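File shown here: input-v2.pdb, holding PDB, C-alpha atoms.
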```
MODEL        1
ATOM      1  CA  MET A   1     122.573  70.244  44.841
ATOM      2  CA  ALA A   2     122.504  73.983  44.173
ATOM      3  CA  ALA A   3     119.319  73.658  42.112
ATOM      4  CA  GLN A   4     117.652  71.701  44.923
ATOM      5  CA  THR A   5     118.585  74.419  47.445
ATOM      6  CA  MET A   6     117.178  77.145  45.184
ATOM      7  CA  THR A   7     113.959  75.119  44.786
ATOM      8  CA  GLU A   8     113.539  74.769  48.554
ATOM      9  CA  THR A   9     114.260  78.469  49.033
ATOM     10  CA  ARG A  10     111.716  79.402  46.375
ATOM     11  CA  THR A  11     109.163  77.203  48.113
ATOM     12  CA  LEU A  12     109.706  79.013  51.407
ATOM     13  CA  VAL A  13     109.616  82.458  49.849
ATOM     14  CA  THR A  14     106.575  81.905  47.628
ATOM     15  CA  PRO A  15     103.989  79.884  49.513
ATOM     16  CA  GLY A  16     100.742  78.849  47.967
ATOM     17  CA  ARG A  17      98.718  81.779  49.234
ATOM     18  CA  LYS A  18      99.165  85.445  48.222
ATOM     19  CA  SER A  19     101.443  87.420  50.556
ATOM     20  CA  LEU A  20     100.256  90.692  52.043
ATOM     21  CA  SER A  21     101.997  93.947  51.184
ATOM     22  CA  VAL A  22     103.898  95.361  54.144
ATOM     23  CA  SER A  23     104.279  98.830  52.586
ATOM     24  CA  ALA A  24     100.532  99.580  52.267
ATOM     25  CA  PRO A  25      98.343  97.165  54.275
ATOM     26  CA  ARG A  26      94.641  97.571  53.690
ATOM     27  CA  LYS A  27      95.186 100.807  51.829
ATOM     28  CA  ARG A  28      91.532 101.397  51.034
ATOM     29  CA  ALA A  29      90.403 100.915  54.634
ATOM     30  CA  HIS A  30      93.054 103.340  55.857
ATOM     31  CA  THR A  31      92.003 105.906  53.246
ATOM     32  CA  VAL A  32      88.364 105.680  54.295
ATOM     33  CA  THR A  33      89.300 105.984  57.980
ATOM     34  CA  ALA A  34      91.510 108.994  57.334
ATOM     35  CA  SER A  35      88.780 110.657  55.265
ATOM     36  CA  ILE A  36      86.214 110.146  58.035
ATOM     37  CA  ILE A  37      88.539 111.577  60.695
ATOM     38  CA  LEU A  38      89.409 114.607  58.542
ATOM     39  CA  SER A  39      85.733 115.171  57.769
ATOM     40  CA  ILE A  40      84.876 115.175  61.486
ATOM     41  CA  ILE A  41      87.677 117.649  62.191
ATOM     42  CA  GLY A  42      86.481 119.836  59.313
ATOM     43  CA  VAL A  43      82.920 119.850  60.667
ATOM     44  CA  LEU A  44      84.184 120.803  64.135
ATOM     45  CA  PHE A  45      85.910 123.831  62.613
ATOM     46  CA  LEU A  46      83.053 124.681  60.262
ATOM     47  CA  VAL A  47      80.189 124.671  62.770
ATOM     48  CA  PRO A  48      81.426 127.675  64.838
ATOM     49  CA  LEU A  49      82.065 129.647  61.662
ATOM     50  CA  LEU A  50      78.575 128.894  60.377
ATOM     51  CA  TRP A  51      77.128 129.911  63.746
ATOM     52  CA  VAL A  52      78.880 133.283  63.558
ATOM     53  CA  VAL A  53      77.608 133.934  60.034
ATOM     54  CA  PHE A  54      74.027 132.788  60.649
ATOM     55  CA  ALA A  55      73.709 134.448  64.060
ATOM     56  CA  SER A  56      74.911 137.774  62.697
ATOM     57  CA  PHE A  57      71.829 137.879  60.430
ATOM     58  CA  ASP A  58      69.397 136.339  62.932
ATOM     59  CA  ALA A  59      67.057 138.666  64.777
ATOM     60  CA  ASN A  60      66.582 136.071  67.549
ATOM     61  CA  ALA A  61      70.024 134.479  67.673
ATOM     62  CA  THR A  62      70.808 131.965  70.401
ATOM     63  CA  VAL A  63      73.857 129.987  71.427
ATOM     64  CA  SER A  64      72.793 127.076  69.197
ATOM     65  CA  MET A  65      73.414 127.123  65.470
ATOM     66  CA  ARG A  66      70.390 127.425  63.221
ATOM     67  CA  ILE A  67      69.388 128.964  59.937
ATOM     68  CA  PRO A  68      67.669 132.305  60.690
ATOM     69  CA  GLU A  69      63.898 132.307  60.392
ATOM     70  CA  SER A  70      63.949 136.054  59.722
ATOM     71  CA  TRP A  71      67.052 137.630  58.181
ATOM     72  CA  THR A  72      68.002 141.114  59.346
ATOM     73  CA  LEU A  73      70.848 143.615  59.315
ATOM     74  CA  ASP A  74      69.903 145.118  62.674
ATOM     75  CA  ASN A  75      72.774 143.300  64.392
ATOM     76  CA  TYR A  76      75.295 145.040  62.149
ATOM     77  CA  THR A  77      73.686 148.457  62.430
ATOM     78  CA  GLY A  78      73.586 148.038  66.208
ATOM     79  CA  VAL A  79      77.355 147.496  66.542
ATOM     80  CA  MET A  80      78.563 149.822  63.794
ATOM     81  CA  THR A  81      79.310 152.740  66.083
ATOM     82  CA  TRP A  82      82.549 154.663  66.455
ATOM     83  CA  GLU A  83      83.064 153.851  70.140
ATOM     84  CA  LEU A  84      82.114 150.173  69.970
ATOM     85  CA  THR A  85      83.566 149.006  66.656
ATOM     86  CA  TRP A  86      85.418 151.446  64.448
ATOM     87  CA  LEU A  87      87.755 152.967  67.049
ATOM     88  CA  PRO A  88      88.767 149.548  68.500
ATOM     89  CA  LEU A  89      89.341 148.232  64.973
ATOM     90  CA  LEU A  90      91.489 151.263  64.169
ATOM     91  CA  ASN A  91      93.488 150.661  67.353
ATOM     92  CA  SER A  92      93.897 147.002  66.390
ATOM     93  CA  VAL A  93      95.172 147.950  62.941
ATOM     94  CA  LEU A  94      97.649 150.422  64.439
ATOM     95  CA  ILE A  95      98.956 147.970  67.044
ATOM     96  CA  SER A  96      99.101 144.944  64.733
ATOM     97  CA  LEU A  97     100.566 146.799  61.758
ATOM     98  CA  GLY A  98     103.178 148.562  63.889
ATOM     99  CA  THR A  99     104.127 145.287  65.581
ATOM    100  CA  ALA A 100     104.407 143.406  62.283
ATOM    101  CA  VAL A 101     106.447 146.106  60.505
ATOM    102  CA  ILE A 102     108.914 146.564  63.378
ATOM    103  CA  THR A 103     109.276 142.820  63.875
ATOM    104  CA  VAL A 104     109.910 142.093  60.183
ATOM    105  CA  LEU A 105     112.476 144.889  59.793
ATOM    106  CA  VAL A 106     114.429 144.027  62.945
ATOM    107  CA  SER A 107     114.291 140.275  62.338
ATOM    108  CA  LEU A 108     115.557 140.747  58.766
ATOM    109  CA  LEU A 109     118.592 142.641  60.052
ATOM    110  CA  ALA A 110     119.132 140.014  62.751
ATOM    111  CA  ALA A 111     118.658 136.991  60.460
ATOM    112  CA  TYR A 112     121.055 138.263  57.779
ATOM    113  CA  PRO A 113     124.341 137.873  59.731
ATOM    114  CA  LEU A 114     123.082 134.631  61.281
ATOM    115  CA  SER A 115     122.483 133.226  57.805
ATOM    116  CA  ARG A 116     125.498 134.603  55.949
ATOM    117  CA  TYR A 117     128.333 134.660  58.488
ATOM    118  CA  ALA A 118     129.814 131.858  60.588
ATOM    119  CA  ALA A 119     130.470 132.653  64.247
ATOM    120  CA  ARG A 120     131.908 130.579  67.061
ATOM    121  CA  TYR A 121     128.883 130.928  69.302
ATOM    122  CA  GLN A 122     126.242 130.982  66.574
ATOM    123  CA  LYS A 123     124.566 127.714  67.532
ATOM    124  CA  PRO A 124     124.242 128.548  71.288
ATOM    125  CA  PHE A 125     122.935 131.972  70.265
ATOM    126  CA  MET A 126     120.296 130.392  68.043
ATOM    127  CA  TYR A 127     119.282 128.072  70.873
ATOM    128  CA  ALA A 128     118.993 131.097  73.170
ATOM    129  CA  ILE A 129     116.670 132.719  70.615
ATOM    130  CA  LEU A 130     114.661 129.502  70.426
ATOM    131  CA  PHE A 131     114.400 129.483  74.221
ATOM    132  CA  GLY A 132     112.943 132.980  74.031
ATOM    133  CA  THR A 133     110.014 131.653  71.965
ATOM    134  CA  GLY A 134     108.978 129.347  74.795
ATOM    135  CA  LEU A 135     108.754 131.958  77.547
ATOM    136  CA  PRO A 136     105.112 132.359  78.661
ATOM    137  CA  ILE A 137     104.028 135.947  78.316
ATOM    138  CA  THR A 138     102.022 135.736  81.540
ATOM    139  CA  ALA A 139     105.219 135.062  83.500
ATOM    140  CA  MET A 140     106.848 138.177  82.033
ATOM    141  CA  MET A 141     104.020 140.610  82.674
ATOM    142  CA  VAL A 142     104.915 141.411  86.310
ATOM    143  CA  PRO A 143     108.460 142.663  85.543
ATOM    144  CA  VAL A 144     107.236 144.228  82.293
ATOM    145  CA  TYR A 145     104.517 146.097  84.181
ATOM    146  CA  SER A 146     107.122 147.423  86.640
ATOM    147  CA  LEU A 147     109.319 148.448  83.714
ATOM    148  CA  PHE A 148     106.440 150.280  82.059
ATOM    149  CA  VAL A 149     105.717 152.088  85.320
ATOM    150  CA  SER A 150     109.371 153.178  85.595
ATOM    151  CA  PHE A 151     109.461 154.516  82.034
ATOM    152  CA  GLY A 152     105.987 156.031  82.113
ATOM    153  CA  LEU A 153     104.710 153.833  79.273
ATOM    154  CA  LEU A 154     101.463 152.652  80.854
ATOM    155  CA  ASN A 155      98.417 153.360  78.723
ATOM    156  CA  SER A 156     100.730 154.007  75.758
ATOM    157  CA  THR A 157      99.872 152.431  72.416
ATOM    158  CA  TRP A 158     103.461 152.694  71.219
ATOM    159  CA  GLY A 159     104.688 151.030  74.404
ATOM    160  CA  VAL A 160     102.393 148.094  73.673
ATOM    161  CA  ILE A 161     103.674 147.947  70.075
ATOM    162  CA  VAL A 162     107.320 147.880  71.177
ATOM    163  CA  PHE A 163     106.692 145.186  73.780
ATOM    164  CA  MET A 164     104.681 142.980  71.406
ATOM    165  CA  SER A 165     107.389 143.403  68.755
ATOM    166  CA  ALA A 166     110.013 142.246  71.246
ATOM    167  CA  THR A 167     108.004 139.150  72.142
ATOM    168  CA  SER A 168     107.514 138.300  68.440
ATOM    169  CA  LEU A 169     111.178 138.679  67.479
ATOM    170  CA  PRO A 170     112.551 135.227  68.488
ATOM    171  CA  MET A 171     110.175 133.227  66.303
ATOM    172  CA  ALA A 172     110.424 135.765  63.462
ATOM    173  CA  ILE A 173     114.237 135.574  63.487
ATOM    174  CA  TRP A 174     114.141 131.788  63.349
ATOM    175  CA  MET A 175     111.674 131.755  60.475
ATOM    176  CA  LEU A 176     113.417 134.433  58.393
ATOM    177  CA  LYS A 177     116.826 132.849  58.976
ATOM    178  CA  ASN A 178     115.549 129.571  57.516
ATOM    179  CA  PHE A 179     114.009 131.386  54.543
ATOM    180  CA  MET A 180     117.230 133.333  53.998
ATOM    181  CA  ASP A 181     119.335 130.163  53.992
ATOM    182  CA  SER A 182     117.520 129.068  50.817
ATOM    183  CA  VAL A 183     118.586 132.190  48.894
ATOM    184  CA  PRO A 184     121.816 131.460  46.913
ATOM    185  CA  ILE A 185     124.715 133.507  48.205
ATOM    186  CA  SER A 186     126.181 133.579  44.686
ATOM    187  CA  LEU A 187     123.661 136.293  43.793
ATOM    188  CA  GLU A 188     124.989 138.499  46.587
ATOM    189  CA  GLU A 189     128.567 137.801  45.565
ATOM    190  CA  ALA A 190     127.761 139.000  42.051
ATOM    191  CA  ALA A 191     126.261 142.166  43.524
ATOM    192  CA  TRP A 192     129.356 142.694  45.677
ATOM    193  CA  VAL A 193     131.562 142.392  42.603
ATOM    194  CA  ASP A 194     129.469 145.150  40.992
ATOM    195  CA  GLY A 195     130.152 147.386  43.984
ATOM    196  CA  ALA A 196     127.027 146.864  46.086
ATOM    197  CA  SER A 197     127.301 146.919  49.864
ATOM    198  CA  SER A 198     125.883 144.236  52.149
ATOM    199  CA  MET A 199     122.780 146.288  52.911
ATOM    200  CA  GLN A 200     122.234 147.033  49.230
ATOM    201  CA  ALA A 201     122.532 143.333  48.407
ATOM    202  CA  LEU A 202     120.097 142.523  51.199
ATOM    203  CA  ALA A 203     117.548 145.095  50.005
ATOM    204  CA  ARG A 204     117.857 144.490  46.239
ATOM    205  CA  ILE A 205     118.711 140.784  46.019
ATOM    206  CA  VAL A 206     117.734 138.868  49.145
ATOM    207  CA  VAL A 207     114.514 140.624  50.132
ATOM    208  CA  PRO A 208     112.807 140.275  46.695
ATOM    209  CA  LEU A 209     113.580 136.554  46.701
ATOM    210  CA  MET A 210     112.266 136.231  50.257
ATOM    211  CA  ARG A 211     108.941 137.941  49.702
ATOM    212  CA  PRO A 212     106.904 134.737  50.307
ATOM    213  CA  GLY A 213     108.796 134.127  53.548
ATOM    214  CA  ILE A 214     108.441 137.747  54.618
ATOM    215  CA  GLY A 215     104.722 137.546  53.863
ATOM    216  CA  VAL A 216     104.418 134.431  56.030
ATOM    217  CA  VAL A 217     106.230 136.087  58.937
ATOM    218  CA  PHE A 218     104.212 139.293  58.496
ATOM    219  CA  ILE A 219     100.905 137.403  58.639
ATOM    220  CA  PHE A 220     102.142 135.313  61.567
ATOM    221  CA  VAL A 221     103.085 138.382  63.626
ATOM    222  CA  PHE A 222     100.055 140.428  62.525
ATOM    223  CA  THR A 223      97.567 137.715  63.460
ATOM    224  CA  GLY A 224      99.299 137.162  66.799
ATOM    225  CA  ALA A 225      99.064 140.859  67.613
ATOM    226  CA  TRP A 226      95.516 141.129  66.248
ATOM    227  CA  GLY A 227      94.217 138.417  68.540
ATOM    228  CA  ASN A 228      96.312 139.342  71.595
ATOM    229  CA  PHE A 229      94.018 140.156  74.486
ATOM    230  CA  PHE A 230      96.218 139.868  77.566
ATOM    231  CA  VAL A 231      98.935 142.455  76.830
ATOM    232  CA  PRO A 232      96.649 145.389  75.850
ATOM    233  CA  PHE A 233      94.261 144.528  78.674
ATOM    234  CA  VAL A 234      97.069 144.815  81.255
ATOM    235  CA  LEU A 235      99.009 147.760  79.814
ATOM    236  CA  LEU A 236      96.156 149.942  78.534
ATOM    237  CA  PHE A 237      93.569 151.568  80.784
ATOM    238  CA  THR A 238      91.283 153.858  78.791
ATOM    239  CA  SER A 239      88.634 152.505  76.432
ATOM    240  CA  ASP A 240      89.658 154.841  73.605
ATOM    241  CA  ARG A 241      92.982 152.959  73.336
ATOM    242  CA  PHE A 242      91.600 149.424  73.566
ATOM    243  CA  PRO A 243      91.972 147.209  70.468
ATOM    244  CA  ALA A 244      89.088 145.124  69.198
ATOM    245  CA  ALA A 245      90.239 142.017  71.105
ATOM    246  CA  VAL A 246      89.691 143.871  74.392
ATOM    247  CA  SER A 247      86.584 145.626  73.131
ATOM    248  CA  ILE A 248      84.932 142.242  72.641
ATOM    249  CA  PHE A 249      85.501 141.576  76.332
ATOM    250  CA  ASN A 250      83.827 144.862  77.213
ATOM    251  CA  PHE A 251      81.011 143.998  74.833
ATOM    252  CA  PHE A 252      80.008 141.087  77.060
ATOM    253  CA  GLY A 253      79.758 143.384  80.065
ATOM    254  CA  GLN A 254      77.560 146.004  78.438
ATOM    255  CA  TYR A 255      74.432 143.862  78.413
ATOM    256  CA  GLY A 256      72.631 142.025  81.184
ATOM    257  CA  THR A 257      72.269 139.063  78.848
ATOM    258  CA  ILE A 258      74.572 138.425  75.937
ATOM    259  CA  ALA A 259      73.210 139.699  72.633
ATOM    260  CA  TYR A 260      74.392 136.820  70.488
ATOM    261  CA  GLY A 261      73.381 138.420  67.225
ATOM    262  CA  GLN A 262      75.344 141.601  67.841
ATOM    263  CA  LEU A 263      78.286 139.606  69.186
ATOM    264  CA  ALA A 264      78.325 137.514  65.986
ATOM    265  CA  ALA A 265      78.110 140.643  63.816
ATOM    266  CA  TYR A 266      80.988 142.192  65.747
ATOM    267  CA  SER A 267      82.987 138.960  65.269
ATOM    268  CA  VAL A 268      82.457 139.092  61.497
ATOM    269  CA  LEU A 269      83.683 142.688  61.380
ATOM    270  CA  TYR A 270      86.616 141.748  63.613
ATOM    271  CA  ALA A 271      87.675 138.857  61.348
ATOM    272  CA  ALA A 272      87.202 140.656  58.008
ATOM    273  CA  PRO A 273      90.536 142.598  58.041
ATOM    274  CA  MET A 274      92.469 139.346  58.522
ATOM    275  CA  VAL A 275      90.873 137.814  55.439
ATOM    276  CA  VAL A 276      91.632 140.942  53.399
ATOM    277  CA  LEU A 277      95.245 140.929  54.619
ATOM    278  CA  TYR A 278      95.694 137.294  53.640
ATOM    279  CA  VAL A 279      94.400 137.944  50.111
ATOM    280  CA  ILE A 280      96.644 141.020  49.676
ATOM    281  CA  VAL A 281      99.786 139.216  50.854
ATOM    282  CA  GLN A 282      98.981 136.264  48.599
ATOM    283  CA  LYS A 283      98.813 138.532  45.554
ATOM    284  CA  LEU A 284     101.929 140.514  46.477
ATOM    285  CA  SER A 285     104.031 137.408  47.037
ATOM    286  CA  GLY A 286     102.744 135.571  43.974
ATOM    287  CA  SER A 287     105.234 137.179  41.559
ATOM    288  CA  SER A 288     108.254 136.767  43.803
ATOM    289  CA  PHE A 289     109.331 133.510  42.168
ATOM    290  CA  ALA A 290     110.359 135.307  39.000
ATOM    291  CA  LEU A 291     113.997 135.411  40.158
ATOM    292  CA  ALA A 292     114.068 131.705  41.049
ATOM    293  CA  GLY A 293     116.106 130.784  37.948
ATOM    294  CA  SER A 294     118.553 133.673  38.148
ATOM    295  CA  VAL A 295     121.445 131.440  39.256
ATOM    296  CA  LYS A 296     121.416 129.434  36.033
ATOM    297  CA  GLY A 297     123.534 130.210  33.053
TER
ENDMDL
END
```

When written as structure tokens, how does the structure in this file appear?
Amino acid sequence: MAAQTMTETRTLVTPGRKSLSVSAPRKRAHTVTASIILSIIGVLFLVPLLWVVFASFDANATVSMRIPESWTLDNYTGVMTWELTWLPLLNSVLISLGTAVITVLVSLLAAYPLSRYAARYQKPFMYAILFGTGLPITAMMVPVYSLFVSFGLLNSTWGVIVFMSATSLPMAIWMLKNFMDSVPISLEEAAWVDGASSMQALARIVVPLMRPGIGVVFIFVFTGAWGNFFVPFVLLFTSDRFPAAVSIFNFFGQYGTIAYGQLAAYSVLYAAPMVVLYVIVQKLSGSSFALAGSVKG
């Protein structure tokens, strides 16, 4: 009787035809579809970049992408002036670098107690910080503008740096707190036993192990400040203080018709520092995993 039941069960479970796999149905078709979709997305990102590169060397650049019939450097020589390019780029470096440095330092000091100490209201406080990341900057500009008027900070580069650092802090604190949670606290305890203070342990133990995370946050804040147009445009008035993001806007207004070749050349110069920064941070953070096995033994 038992054997007959097993036979009937086997017949139901294993029919004559081959059963389809539920875990990976039509795997090859899905792979081809995914590859086509990703290729289309890649082309959509690649075409504007190719237009910028080709148009910057095209003497007769237009809004459509094409390989230049006559290659020239006149577009670069036309925009490489102190007032149009170099001064705005210098202002962008000052604003972005100051914003990134202040944000990283303050967020490190804020993330350390949130990561290492338990508090009664820690979770509501973290949610309040997360809420701060969702505030639209356009909604804050009216009270911020009034505040800048009261403190006499209008048309001040350092005022812009402080404000942009404050708006970048919530996300930076969240990111650095998560990176800091992955650093073993046993390393700090060993440093405390040797007589190190909390700040010494943070500077000599935690920060070296967090260099990849700090590099990520630094790039995140730097790129956000580098491409920020709205805040400098509202809080700065004179052209000698404008960063490159605002200078591009003025570039459109200087010509009756848009000079696409010079605009593309300016865009290449504007994007070059970001590429250099990414390469430098990659190299600096590459050796930071040397202490990864220091908790063994």

**OP:** Measure the distance from CA of Phe230 (chain A) to CA of Val101 (chain A) in Å and round it to one decimal.
**Re:**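 CA of Val101 (chain A) lies at a distance of 20.8 Å from CA of Phe230 (chain A).
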
Original post:
Contacts of Val206 (chain A) at 8 Å or less, counting all atoms listed in the file, minus same-chain residues fewer than 6 places along, as a PyMOL selection string?
Top reply: chain A and resi 180+183+188

**OP:** Could you tell me which residues the PyMOL selection byres ((chain A and resi 54-60) around 9) returns for this structure, as a VMD selection string?
**Re:** chain A and resid 49 to 53 61 to 63 65 to 76 260 to 268

**OP:** Please measure the separation of CA of Tyr278 (chain A) and CA of Leu90 (chain A), giving the value in Å to one decimal.
**Re:**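 A separation of 18.0 Å between them.
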
Original post:
For Thr81 (chain A), which residue among A:Val281, A:Leu269, A:Val162, A:Val149 is the nearest when counting all atoms listed in the file?
Top reply: A:Leu269

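The residues that lie within 12 Å of the point (103.2, 154.5, 78.9), counting all atoms listed in the file, are Val144, Tyr145, Ser146, Leu147, Phe148, Val149, Ser150, Phe151, Gly152, Leu153, Leu154, Asn155, Ser156, Thr157, Trp158, Gly159, Val160, Ile161, Val162, Phe163, Pro232, Val234, Leu235, Leu236, Phe237, Thr238 and Arg241 of chain A.
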
Report the closest atom pair, with its distance in Å rounded to one decimal, for each residue of region 66-153 of chain A that has an atom no farther than 12 Å from region 201-205 of chain A; count all atoms listed in the file, sort by chain and then rising residue number, and write it as a Markdown table.
```
| residue | atom | partner | partner_atom | distance |
| --- | --- | --- | --- | --- |
| A:Leu105 | CA | A:Ala203 | CA | 11.0 |
| A:Leu108 | CA | A:Leu202 | CA | 9.0 |
| A:Leu109 | CA | A:Leu202 | CA | 9.0 |
| A:Ala110 | CA | A:Leu202 | CA | 11.9 |
| A:Ala111 | CA | A:Leu202 | CA | 10.9 |
| A:Tyr112 | CA | A:Leu202 | CA | 7.9 |
| A:Pro113 | CA | A:Leu202 | CA | 10.6 |
| A:Ser115 | CA | A:Leu202 | CA | 11.7 |
| A:Arg116 | CA | A:Leu202 | CA | 10.7 |
```

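Of the residues listed (A:Phe242, A:Phe229, A:Tyr121, A:Phe249), A:Phe242 shows the shortest atom-to-atom separation from Pro88 (chain A); distances use all atoms listed in the file.
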
Subject >> Between CA of Asn178 (chain A) and CA of Gly227 (chain A), distance in Å (one decimal) >> reply: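 These two atoms are separated by 25.6 Å.
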